[in-house]
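Structure data follow from data03.cif (mmCIF, C-alpha atoms and all ligand atoms):
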data_model
loop_
_atom_site.label_atom_id
_atom_site.label_comp_id
_atom_site.auth_asym_id
_atom_site.auth_seq_id
_atom_site.Cartn_x
_atom_site.Cartn_y
_atom_site.Cartn_z
CA MET A 377 95.71 102.44 97.78
CA SER A 378 93.26 101.03 100.32
CA LEU A 379 93.47 97.36 101.10
CA LEU A 380 89.74 97.24 101.81
CA GLU A 381 87.24 99.62 100.31
CA ILE A 382 83.56 99.14 101.07
CA ARG A 383 81.31 101.24 98.84
CA ASP A 384 77.60 101.78 99.40
CA LEU A 385 77.14 98.27 100.79
CA HIS A 386 73.56 97.16 101.45
CA VAL A 387 72.51 93.79 102.85
CA THR A 388 68.85 92.81 103.13
CA TYR A 389 67.74 89.45 104.53
CA GLY A 390 64.90 87.45 102.96
CA ASN A 391 62.47 88.60 105.67
CA GLY A 392 62.98 92.22 104.59
CA ALA A 393 65.44 93.11 107.39
CA ALA A 394 67.66 95.89 106.04
CA ALA A 395 70.64 94.93 108.21
CA VAL A 396 73.27 97.02 106.37
CA ARG A 397 72.15 100.22 104.66
CA GLY A 398 74.73 102.01 102.56
CA VAL A 399 78.06 101.58 104.33
CA ASP A 400 81.22 103.24 102.96
CA LEU A 401 84.48 102.44 104.74
CA THR A 402 88.14 102.14 103.83
CA LEU A 403 91.07 100.45 105.52
CA ALA A 404 94.67 101.10 104.53
CA PRO A 405 97.30 98.32 104.51
CA GLY A 406 98.60 97.53 107.99
CA ARG A 407 96.01 99.73 109.72
CA LYS A 408 93.40 98.82 112.33
CA LEU A 409 89.78 99.85 112.12
CA GLY A 410 87.43 99.28 115.04
CA MET A 411 83.68 98.89 114.64
CA ALA A 412 81.36 99.42 117.59
CA GLY A 413 77.61 99.34 118.12
CA GLU A 414 75.01 97.53 120.20
CA SER A 415 73.80 94.08 119.37
CA GLY A 416 71.56 94.08 116.30
CA CYS A 417 73.15 97.07 114.55
CA GLY A 418 74.49 95.02 111.62
CA LYS A 419 78.15 94.51 112.56
CA SER A 420 78.28 90.75 111.98
CA THR A 421 76.22 91.05 108.82
CA LEU A 422 78.77 93.53 107.48
CA ALA A 423 81.68 91.27 108.53
CA MET A 424 80.20 88.24 106.81
CA ALA A 425 79.31 90.21 103.69
CA LEU A 426 83.00 91.07 103.25
CA LEU A 427 83.76 87.42 102.43
CA ARG A 428 80.29 86.50 101.17
CA LEU A 429 79.60 84.23 104.12
CA LEU A 430 75.94 85.29 104.44
CA PRO A 431 73.02 82.87 104.06
CA SER A 432 71.59 82.64 100.54
CA SER A 433 68.46 84.53 101.68
CA ALA A 434 70.56 87.71 101.95
CA THR A 435 70.80 90.15 99.04
CA MET A 436 73.88 92.32 98.73
CA THR A 437 74.48 95.41 96.61
CA GLY A 438 77.40 97.81 96.42
CA SER A 439 81.02 96.74 96.33
CA VAL A 440 83.68 95.31 98.59
CA LEU A 441 87.08 95.92 97.04
CA LEU A 442 89.88 93.82 98.47
CA ASP A 443 93.16 94.95 96.97
CA GLY A 444 91.09 96.56 94.22
CA GLU A 445 89.14 93.40 93.34
CA ASP A 446 85.39 93.26 94.03
CA VAL A 447 84.59 90.34 96.35
CA LEU A 448 80.88 90.56 95.46
CA GLY A 449 81.66 89.88 91.79
CA MET A 450 84.18 87.06 92.31
CA ARG A 451 83.63 83.58 90.90
CA TRP A 452 83.54 80.77 93.50
CA GLY A 453 87.04 79.50 92.72
CA ARG A 454 88.52 82.94 93.18
CA LEU A 455 86.49 83.50 96.35
CA ARG A 456 87.79 80.25 97.83
CA ALA A 457 91.34 81.38 97.10
CA VAL A 458 90.73 84.75 98.75
CA ARG A 459 89.15 83.29 101.91
CA TRP A 460 91.96 82.54 104.40
CA ALA A 461 94.78 83.62 102.09
CA GLY A 462 93.54 87.15 101.28
CA ALA A 463 91.31 87.77 104.26
CA SER A 464 90.24 85.63 107.19
CA ILE A 465 87.67 85.95 109.95
CA VAL A 466 87.81 85.16 113.67
CA PHE A 467 84.30 84.69 115.04
CA GLN A 468 83.06 84.96 118.59
CA GLY A 469 82.30 81.30 119.33
CA ALA A 470 85.43 79.25 118.67
CA MET A 471 83.64 76.07 119.70
CA HIS A 472 81.24 76.42 116.78
CA SER A 473 83.97 77.19 114.26
CA LEU A 474 86.23 74.25 115.19
CA ASN A 475 85.35 70.72 114.17
CA ALA A 476 84.81 68.63 117.32
CA VAL A 477 86.06 65.36 115.79
CA HIS A 478 89.39 66.57 114.36
CA ARG A 479 92.61 67.37 116.19
CA VAL A 480 93.36 71.10 116.24
CA GLY A 481 96.73 70.61 114.49
CA ASP A 482 95.00 68.92 111.53
CA GLN A 483 92.43 71.71 111.40
CA LEU A 484 95.21 74.30 111.34
CA ALA A 485 97.06 72.42 108.61
CA GLU A 486 93.93 72.13 106.43
CA PRO A 487 93.76 75.67 104.97
CA ILE A 488 97.54 75.56 104.37
CA LEU A 489 97.13 72.34 102.40
CA LEU A 490 93.97 73.51 100.61
CA HIS A 491 95.75 76.62 99.38
CA GLY A 492 98.73 74.57 98.25
CA LEU A 493 101.08 76.54 100.50
CA ALA A 494 102.86 73.41 101.77
CA GLY A 495 102.83 69.61 101.60
CA PRO A 496 101.37 67.51 104.45
CA ASP A 497 104.55 67.33 106.59
CA ASP A 498 105.36 71.03 106.26
CA ALA A 499 101.74 72.00 106.88
CA ARG A 500 101.75 69.99 110.13
CA ALA A 501 105.03 71.60 111.18
CA ARG A 502 103.59 75.01 110.34
CA ALA A 503 100.50 74.23 112.45
CA ARG A 504 102.74 73.55 115.46
CA GLU A 505 104.66 76.79 114.87
CA LEU A 506 101.40 78.71 114.68
CA LEU A 507 100.27 77.26 118.01
CA GLU A 508 103.49 78.48 119.60
CA GLN A 509 103.01 81.91 118.06
CA VAL A 510 99.64 82.19 119.77
CA GLY A 511 101.11 81.12 123.10
CA LEU A 512 100.14 77.43 123.16
CA PRO A 513 102.55 74.49 123.42
CA ALA A 514 103.14 72.83 120.03
CA ALA A 515 102.05 69.52 121.57
CA ARG A 516 98.48 70.87 121.76
CA ALA A 517 98.31 70.14 118.04
CA ASP A 518 97.24 66.63 119.07
CA ALA A 519 94.35 67.86 121.23
CA TYR A 520 90.68 67.83 120.28
CA PRO A 521 88.77 71.11 120.71
CA HIS A 522 86.91 69.90 123.82
CA GLU A 523 90.26 69.32 125.56
CA LEU A 524 91.05 73.05 125.39
CA SER A 525 89.67 75.93 127.45
CA GLY A 526 87.60 78.68 125.80
CA GLY A 527 90.60 81.00 125.74
CA GLN A 528 92.84 78.30 124.22
CA ARG A 529 90.26 77.58 121.53
CA GLN A 530 90.08 81.25 120.67
CA ARG A 531 93.90 81.25 120.38
CA VAL A 532 93.58 78.35 117.95
CA MET A 533 91.08 80.39 115.91
CA ILE A 534 93.57 83.26 115.76
CA ALA A 535 96.28 80.81 114.64
CA MET A 536 93.88 79.56 111.96
CA ALA A 537 93.22 83.11 110.79
CA LEU A 538 96.99 83.64 110.46
CA ALA A 539 97.69 80.27 108.82
CA CYS A 540 97.69 81.44 105.21
CA ALA A 541 99.30 84.82 105.93
CA PRO A 542 96.31 86.98 104.91
CA GLU A 543 96.51 90.72 104.32
CA LEU A 544 93.33 91.32 106.33
CA ILE A 545 91.85 89.77 109.48
CA VAL A 546 88.27 90.50 110.46
CA ALA A 547 87.74 89.77 114.17
CA ASP A 548 84.05 89.74 115.09
CA GLU A 549 83.76 90.10 118.90
CA PRO A 550 86.66 87.63 119.22
CA THR A 551 86.67 87.62 123.02
CA THR A 552 83.11 88.42 124.08
CA ALA A 553 82.41 84.88 125.30
CA LEU A 554 85.54 84.83 127.51
CA ASP A 555 86.20 86.15 130.99
CA VAL A 556 87.64 89.63 131.30
CA MET A 557 91.28 88.71 132.11
CA ILE A 558 91.46 86.24 129.23
CA GLN A 559 89.79 88.78 126.93
CA ALA A 560 92.54 91.31 127.60
CA GLN A 561 95.29 88.71 126.98
CA ILE A 562 93.78 87.56 123.71
CA LEU A 563 93.19 91.07 122.41
CA ARG A 564 96.81 91.99 123.21
CA LEU A 565 97.97 88.84 121.43
CA LEU A 566 95.88 89.54 118.33
CA ASP A 567 97.05 93.15 118.30
CA ARG A 568 100.72 92.12 118.53
CA LEU A 569 100.44 89.44 115.87
CA VAL A 570 98.80 91.68 113.28
CA THR A 571 101.16 94.57 114.07
CA ASP A 572 104.27 92.36 113.71
CA ARG A 573 103.07 91.01 110.39
CA GLY A 574 101.70 94.27 108.98
CA ILE A 575 98.23 92.68 108.62
CA SER A 576 95.22 95.01 108.45
CA LEU A 577 92.61 94.43 111.14
CA LEU A 578 88.89 95.09 111.21
CA MET A 579 87.99 94.54 114.86
CA ILE A 580 84.34 94.44 115.86
CA SER A 581 83.23 94.88 119.46
CA HIS A 582 80.39 96.39 121.45
CA ASP A 583 83.12 97.81 123.76
CA LEU A 584 84.27 101.17 122.43
CA ALA A 585 87.04 101.48 125.05
CA VAL A 586 88.72 98.28 123.88
CA LEU A 587 88.59 99.46 120.28
CA ALA A 588 89.93 102.92 121.14
CA ASP A 589 92.88 101.25 122.82
CA THR A 590 93.72 98.96 119.91
CA CYS A 591 92.66 100.66 116.68
CA ASP A 592 93.75 103.66 114.60
CA ARG A 593 90.24 104.54 113.48
CA LEU A 594 86.81 103.79 114.81
CA ALA A 595 83.43 103.43 113.13
CA VAL A 596 80.18 103.41 115.11
CA MET A 597 77.28 101.48 113.59
CA TYR A 598 73.62 102.04 114.30
CA ALA A 599 70.63 100.51 112.50
CA GLY A 600 72.77 99.28 109.60
CA ARG A 601 74.62 102.54 109.01
CA VAL A 602 77.96 103.95 110.03
CA VAL A 603 76.82 106.99 112.02
CA GLU A 604 80.26 108.16 113.11
CA GLU A 605 83.79 107.53 111.93
CA GLY A 606 87.10 109.09 112.89
CA PRO A 607 90.42 108.78 114.74
CA ALA A 608 89.87 106.12 117.42
CA ARG A 609 90.84 108.11 120.49
CA GLN A 610 88.92 111.14 119.30
CA VAL A 611 85.73 109.14 118.71
CA HIS A 612 86.07 107.63 122.18
CA ALA A 613 86.94 110.86 123.99
CA ALA A 614 84.92 113.37 121.96
CA ALA A 615 82.25 111.61 119.91
CA ARG A 616 80.33 113.89 117.54
CA HIS A 617 77.18 111.74 117.27
CA PRO A 618 74.78 111.35 120.22
CA TYR A 619 74.87 107.57 119.80
CA GLY A 620 78.70 107.58 119.77
CA ARG A 621 78.57 109.64 122.96
CA ALA A 622 76.22 107.19 124.64
CA LEU A 623 78.53 104.29 123.75
CA SER A 624 81.61 106.16 124.99
CA ALA A 625 79.86 106.90 128.27
CA ALA A 626 78.93 103.23 128.60
CA PHE A 627 82.50 102.03 128.10
CA PRO A 628 84.71 104.51 129.93
CA ARG A 629 87.46 101.99 130.67
CA VAL A 630 88.95 99.05 128.82
CA GLY A 631 87.51 95.68 129.82
CA ASP A 632 85.26 97.09 132.55
CA PRO A 633 82.92 94.17 133.33
CA ALA A 634 80.25 96.54 134.67
CA SER A 635 79.92 98.20 131.29
CA ARG A 636 79.00 95.10 129.32
CA ARG A 637 75.34 96.04 129.67
CA ALA A 638 73.35 98.31 127.41
CA PRO A 639 74.75 101.86 127.24
CA ARG A 640 74.02 103.81 130.40
CA GLY A 641 71.54 106.62 130.06
CA LEU A 642 70.27 105.27 126.76
CA PRO A 643 66.97 103.48 127.23
CA GLY A 644 65.46 101.21 124.61
CA ASP A 645 67.01 99.08 121.89
CA PRO A 646 68.16 99.56 118.31
CA PRO A 647 65.21 99.38 115.86
CA ASP A 648 64.05 96.24 114.11
CA PRO A 649 65.68 96.45 110.66
CA SER A 650 62.42 95.37 108.99
CA ALA A 651 60.51 98.28 110.57
CA LEU A 652 62.91 101.23 110.72
CA PRO A 653 61.60 104.57 111.98
CA PRO A 654 61.45 107.41 109.44
CA GLY A 655 64.03 110.21 109.48
CA CYS A 656 67.14 109.57 111.59
CA ALA A 657 66.81 105.96 112.79
CA PHE A 658 68.19 107.01 116.19
CA HIS A 659 65.55 109.70 116.82
CA PRO A 660 63.22 107.66 119.11
CA ARG A 661 66.15 107.24 121.58
CA CYS A 662 68.06 110.45 120.97
CA PRO A 663 68.31 112.85 123.92
CA VAL A 664 68.95 115.85 121.64
CA ALA A 665 66.51 115.13 118.79
CA ILE A 666 64.73 118.11 117.22
CA GLY A 667 61.64 118.25 115.00
CA VAL A 668 63.35 117.51 111.68
CA CYS A 669 64.99 114.36 113.06
CA ALA A 670 61.73 112.41 112.69
CA VAL A 671 61.55 113.42 109.02
CA ASP A 672 65.02 113.99 107.56
CA ASP A 673 67.46 111.14 107.12
CA GLN A 674 71.02 112.16 108.00
CA ARG A 675 74.11 111.02 106.11
CA LEU A 676 77.73 111.30 107.22
CA ARG A 677 79.19 114.79 107.07
CA GLU A 678 82.42 116.44 108.21
CA ALA A 679 82.53 116.78 111.99
CA GLY A 680 86.21 117.62 112.51
CA PRO A 681 89.57 116.64 111.00
CA GLU A 682 89.18 113.18 109.41
CA HIS A 683 86.03 112.79 111.49
CA ARG A 684 82.49 112.34 110.15
CA ALA A 685 79.12 112.00 111.86
CA ALA A 686 75.56 111.53 110.60
CA CYS A 687 73.73 113.98 112.82
CA VAL A 688 71.98 117.28 112.27
CA HIS A 689 74.12 118.64 115.13
CA ALA A 690 77.42 117.10 113.93
CA ASP A 691 79.18 120.40 113.48
CA LEU A 692 77.45 122.16 116.38
CA LEU A 693 77.92 119.89 119.41
CA PRO A 694 80.63 121.20 121.72
CA ARG A 695 83.81 119.18 121.20
CA SER A 696 84.94 118.99 124.79
CA THR A 697 81.92 117.29 126.38
CA ALA A 698 82.37 113.66 125.50
N1 LIG B 1 69.82 85.27 108.86
C1 LIG B 1 69.13 86.36 109.21
N2 LIG B 1 67.86 86.53 108.77
C2 LIG B 1 67.14 87.64 109.10
N3 LIG B 1 67.59 88.64 109.88
C3 LIG B 1 68.84 88.50 110.35
C4 LIG B 1 69.67 87.37 110.06
N4 LIG B 1 70.88 87.53 110.67
C5 LIG B 1 70.78 88.71 111.33
N5 LIG B 1 69.57 89.29 111.14
C6 LIG B 1 69.12 90.57 111.68
O1 LIG B 1 69.96 91.59 111.18
C7 LIG B 1 70.19 92.59 112.18
C8 LIG B 1 71.69 92.77 112.36
O2 LIG B 1 72.23 91.61 112.96
P1 LIG B 1 73.78 91.41 113.16
O3 LIG B 1 74.47 91.69 111.88
O4 LIG B 1 74.00 90.08 113.78
O5 LIG B 1 74.11 92.58 114.19
P2 LIG B 1 75.26 92.71 115.28
O6 LIG B 1 76.41 91.84 114.86
O7 LIG B 1 75.60 94.17 115.28
O8 LIG B 1 74.67 92.27 116.57
C9 LIG B 1 69.47 92.10 113.44
O9 LIG B 1 68.24 92.76 113.53
C10 LIG B 1 69.28 90.62 113.18
O10 LIG B 1 68.12 90.17 113.82
S1 LIG B 2 70.00 113.61 113.65
FE1 LIG B 2 68.64 114.16 115.33
S2 LIG B 2 67.89 112.20 116.15
FE2 LIG B 2 69.64 111.76 114.84
S3 LIG B 2 71.35 111.66 116.24
FE3 LIG B 2 71.27 113.76 115.48
S4 LIG B 2 69.99 114.90 116.91
FE4 LIG B 2 69.69 112.74 117.33
MG MG B 3 77.44 90.32 115.94
#
Re-express the file's structure as C-alpha cells.
Amino acid sequence: MSLLEIRDLHVTYGNGAAAVRGVDLTLAPGRKLGMAGESGCGKSTLAMALLRLLPSSATMTGSVLLDGEDVLGMRWGRLRAVRWAGASIVFQGAMHSLNAVHRVGDQLAEPILLHGLAGPDDARARARELLEQVGLPAARADAYPHELSGGQRQRVMIAMALACAPELIVADEPTTALDVMIQAQILRLLDRLVTDRGISLLMISHDLAVLADTCDRLAVMYAGRVVEEGPARQVHAAARHPYGRALSAAFPRVGDPASRRAPRGLPGDPPDPSALPPGCAFHPRCPVAIGVCAVDDQRLREAGPEHRAACVHADLLPRSTA
C-alpha cells in the first residue's frame, strides 16, 4: 500500500487563485519523491495542504491519504497527533520556524513531550541525541536560534522533523536560503537520515538536478498541475514534457550556482493562477506548441515505462534529446 496517496487535490485561495488543480500522486513507504517547478507553480501550497497548514482562506477538495486515512477529513485532535508523529515538514526559512526566545533543545523536546513520547528528562536527552544525529554538538541544545548559523538552524529543523519518528518528511526547498556548499551537506544529511530510518521523503526544489540525484521518482509541477512524473533519472535525462525539458536544461548539474535563475531558453513566467490561459497552461511559453494547445487541456498520459506527461506530444517527442 502507498504511504501517501494524493487524489485529485485542488486548492483555491480566497482571491480565486487556483494554486493546485487536480494533483494525483503516490509515495510508497521508504521511497523518495522529488517535486520540481519554478516559483509560483503551487509546490508549497501542495506541501502545506498535505498537513492542512494552509490559511483559512484556502479551499481544498480531493483527498490526501496518509497510511489510508484522509488528512482532509481528520478531526483537529487526530490532525494534531498526525503532525510531527505521522508526517512532518521542513520549510525553507528555519529562522521563521524556530522560536527566537526559546533554547533549541527545549524546542526539540516540545513535540516529543506534546506527543507523550517521553517525560521531560528523557525528552531533553532525546533532543541532545537528535542534535548529534544531525551533526551538531549536543551542547548546542542550550543555544538560542540567533546563536546558530543558517546551516546549523536548518540542521535543527531536520532534527525537529525527525523528533517524533514520522513515516513521512516533506522538505520544502530545505536548503534554498543557504550557500551552495552548505546546501549539498544538508541535502546529503537529510538523504542519509531518511534512508537509514526508512522514512518516506517528499522533497521539493526548483533544482531538478538535485532531485534527480536524491530521489527515486520525480514530479514536475506547472500552473498547479503535475505535468510530468516518472523515474527520477529518466525525467532529468529524457523529460517527455517541454516544460520538464526546459527545467532539465536549466539544471544540468547538481548545485550549480549559475543555474539558480529562471530556466534557460524559457522566457516569461508561470501564469497567474487567478487568470490561467485556456488550453494547456504552458502554451504561451511552449516552444513546440501547435494550434490545439491553445484550446485543449492536456492531462497526464503514458509517456514511457512508469512515466507520464501531460502534453499533446508526450508519446511523439524523441526520447534521446533531453
Ligand atoms: N495565501 C495566499 N493567497 C493567495 N494566493 C496565494 C497564497 N499563497 C500562495 N498563493 C499563490 O499561489 C500560487 C502558488 O504559490 P506557491 O504554492 O507558493 O508556489 P511555489 O511553492 O511553487 O513557489 C502563486 O501564484 C502564489 O502567488
Ligand atoms: S500540450 Fe502543447 S503547449 Fe502544452 S506542453 Fe505540449 S506542446 Fe506545449
Ligand atoms: Mg514554495
Report task. Quick one: everything within 6 Å of A:Leu380, counting all atoms listed in the file, minus sequence neighbours fewer than 5 positions away in the same chain. Send it as a list in words. Result ->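 Selected residues are Thr402, Leu403, Leu441 and Leu442 of chain A.
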Export C-alpha atoms of the chosen residues as an mmCIF file, in the coordinates of the input?
data_model
loop_
_atom_site.group_PDB
_atom_site.id
_atom_site.type_symbol
_atom_site.label_atom_id
_atom_site.label_comp_id
_atom_site.auth_asym_id
_atom_site.auth_seq_id
_atom_site.Cartn_x
_atom_site.Cartn_y
_atom_site.Cartn_z
ATOM 1 C CA THR A 402 88.140 102.140 103.830
ATOM 2 C CA LEU A 403 91.070 100.450 105.520
ATOM 3 C CA LEU A 441 87.080 95.920 97.040
ATOM 4 C CA LEU A 442 89.880 93.820 98.470
#
Do you have, as a Markdown table, the list of residues of chain A lying at most 8 Å from ligand MG 3 (chain B), each with its nearest atom pair and that distance in Å to one decimal, counting only C-alpha atoms and all ligand atoms and ordered by chain then number?
| residue | atom | partner | partner_atom | distance |
| --- | --- | --- | --- | --- |
| A:Ser415 | CA | B:MG3 | MG | 6.3 |
| A:Gly416 | CA | B:MG3 | MG | 7.0 |
| A:Gly418 | CA | B:MG3 | MG | 7.0 |
| A:Lys419 | CA | B:MG3 | MG | 5.4 |
| A:Ser420 | CA | B:MG3 | MG | 4.1 |
| A:Thr421 | CA | B:MG3 | MG | 7.3 |
| A:Asp548 | CA | B:MG3 | MG | 6.7 |
| A:Glu549 | CA | B:MG3 | MG | 7.0 |
Residues of chain A within 8 Å of ligand LIG 1 (chain B): nearest atom pair and distance (Å, one decimal) for each, counting all atoms listed in the file, sorted by chain and number, as CSV?
residue,atom,partner,partner_atom,distance
A:Tyr389,CA,B:LIG1,C2,5.0
A:Gly390,CA,B:LIG1,C2,6.5
A:Asn391,CA,B:LIG1,C2,5.9
A:Gly392,CA,B:LIG1,C2,7.7
A:Ala393,CA,B:LIG1,N3,5.6
A:Ala394,CA,B:LIG1,O1,7.1
A:Ala395,CA,B:LIG1,O1,4.5
A:Val396,CA,B:LIG1,C8,7.5
A:Gly413,CA,B:LIG1,O7,6.2
A:Glu414,CA,B:LIG1,O7,6.0
A:Ser415,CA,B:LIG1,O8,3.4
A:Gly416,CA,B:LIG1,O8,3.6
A:Cys417,CA,B:LIG1,O7,3.9
A:Gly418,CA,B:LIG1,O3,3.3
A:Lys419,CA,B:LIG1,O7,3.7
A:Ser420,CA,B:LIG1,O6,3.6
A:Thr421,CA,B:LIG1,O3,3.6
A:Leu422,CA,B:LIG1,O3,6.4
A:Ala423,CA,B:LIG1,O3,8.0
A:Leu430,CA,B:LIG1,N1,7.5
A:Pro431,CA,B:LIG1,N1,6.2
A:Ser433,CA,B:LIG1,N1,7.3
A:Ala434,CA,B:LIG1,N1,7.4
A:Asp548,CA,B:LIG1,O6,7.9
A:Met597,CA,B:LIG1,O7,7.7
A:Ala599,CA,B:LIG1,C8,7.8
A:Gly600,CA,B:LIG1,C8,7.2
A:Pro647,CA,B:LIG1,O9,7.6
A:Asp648,CA,B:LIG1,O9,5.5
A:Pro649,CA,B:LIG1,O9,5.3
A:Ser650,CA,B:LIG1,O9,7.8
Requested in this report: Write out as a ChimeraX atom specification each polymer residue (protein, DNA or RNA) that has an atom no more than 9 Å from ligand LIG 2 (chain B), with all atoms listed in the file counted.
Outcome: /A:603,617-619,655-670,672-675,685-690
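Taking all atoms listed in the file into account, A:Ser576 lies nearest to A:Leu544 out of the set A:Leu563, A:Val556, A:Val671, A:Leu544.
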Requested in this report: Select all residues near (98.6, 99.8, 98.3) (cut-off 8 Å, inclusive, file coordinates), counting all atoms listed in the file, and output them as number ranges by chain.
Outcome: A: 377-379, 404-405, 443
Using C-alpha atoms, can you write the selected residues to a file as a short mmCIF file (atom, residue, chain, number, x, y, z; two decimals), in the frame of the given file?
data_model
loop_
_atom_site.label_atom_id
_atom_site.label_comp_id
_atom_site.auth_asym_id
_atom_site.auth_seq_id
_atom_site.Cartn_x
_atom_site.Cartn_y
_atom_site.Cartn_z
CA MET A 377 95.71 102.44 97.78
CA SER A 378 93.26 101.03 100.32
CA LEU A 379 93.47 97.36 101.10
CA ALA A 404 94.67 101.10 104.53
CA PRO A 405 97.30 98.32 104.51
CA ASP A 443 93.16 94.95 96.97
#
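Closest approach to A:Glu543 among A:Asp497, A:Leu578, A:His386, A:Glu682: A:Leu578, based on all atoms listed in the file.
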Requested in this report: Can you pull out every residue within 8 Å of A:Ser624, counting all atoms listed in the file, but drop anything in the same chain fewer than 5 positions away, and send it as a list in words?
Outcome: Leu584, Ala585, His612, Ala613, Ala615 and Ala698 of chain A
Save the residues we just selected, C-alpha atoms, as a PDB file, keeping the file's coordinate frame?
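Result file result25.pdb:
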ATOM      1  CA  LEU A 584      84.270 101.170 122.430  1.00  0.00           C
ATOM      2  CA  ALA A 585      87.040 101.480 125.050  1.00  0.00           C
ATOM      3  CA  HIS A 612      86.070 107.630 122.180  1.00  0.00           C
ATOM      4  CA  ALA A 613      86.940 110.860 123.990  1.00  0.00           C
ATOM      5  CA  ALA A 615      82.250 111.610 119.910  1.00  0.00           C
ATOM      6  CA  ALA A 698      82.370 113.660 125.500  1.00  0.00           C
TER       7      ALA A 698
END
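A straight line drawn from atom CA of A:Lys408 to atom CA of A:Leu493 is 26.4 Å long.
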Got a sec: who's within 8 Å of A:Val602, counting all atoms listed in the file, leaving out chain neighbours fewer than 2 positions off, as a compact mmCIF listing (two decimals) with C-alpha atoms, in the frame of the given file?
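See out32.txt below for the written result:
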# COMPACT_ATOMS: atom_id res chain seq x y z
CA VAL A 399 78.06 101.58 104.33
CA ASP A 400 81.22 103.24 102.96
CA ALA A 595 83.43 103.43 113.13
CA VAL A 596 80.18 103.41 115.11
CA MET A 597 77.28 101.48 113.59
CA TYR A 598 73.62 102.04 114.30
CA GLY A 600 72.77 99.28 109.60
CA GLU A 604 80.26 108.16 113.11
CA GLU A 605 83.79 107.53 111.93
CA LEU A 676 77.73 111.30 107.22
CA ALA A 686 75.56 111.53 110.60
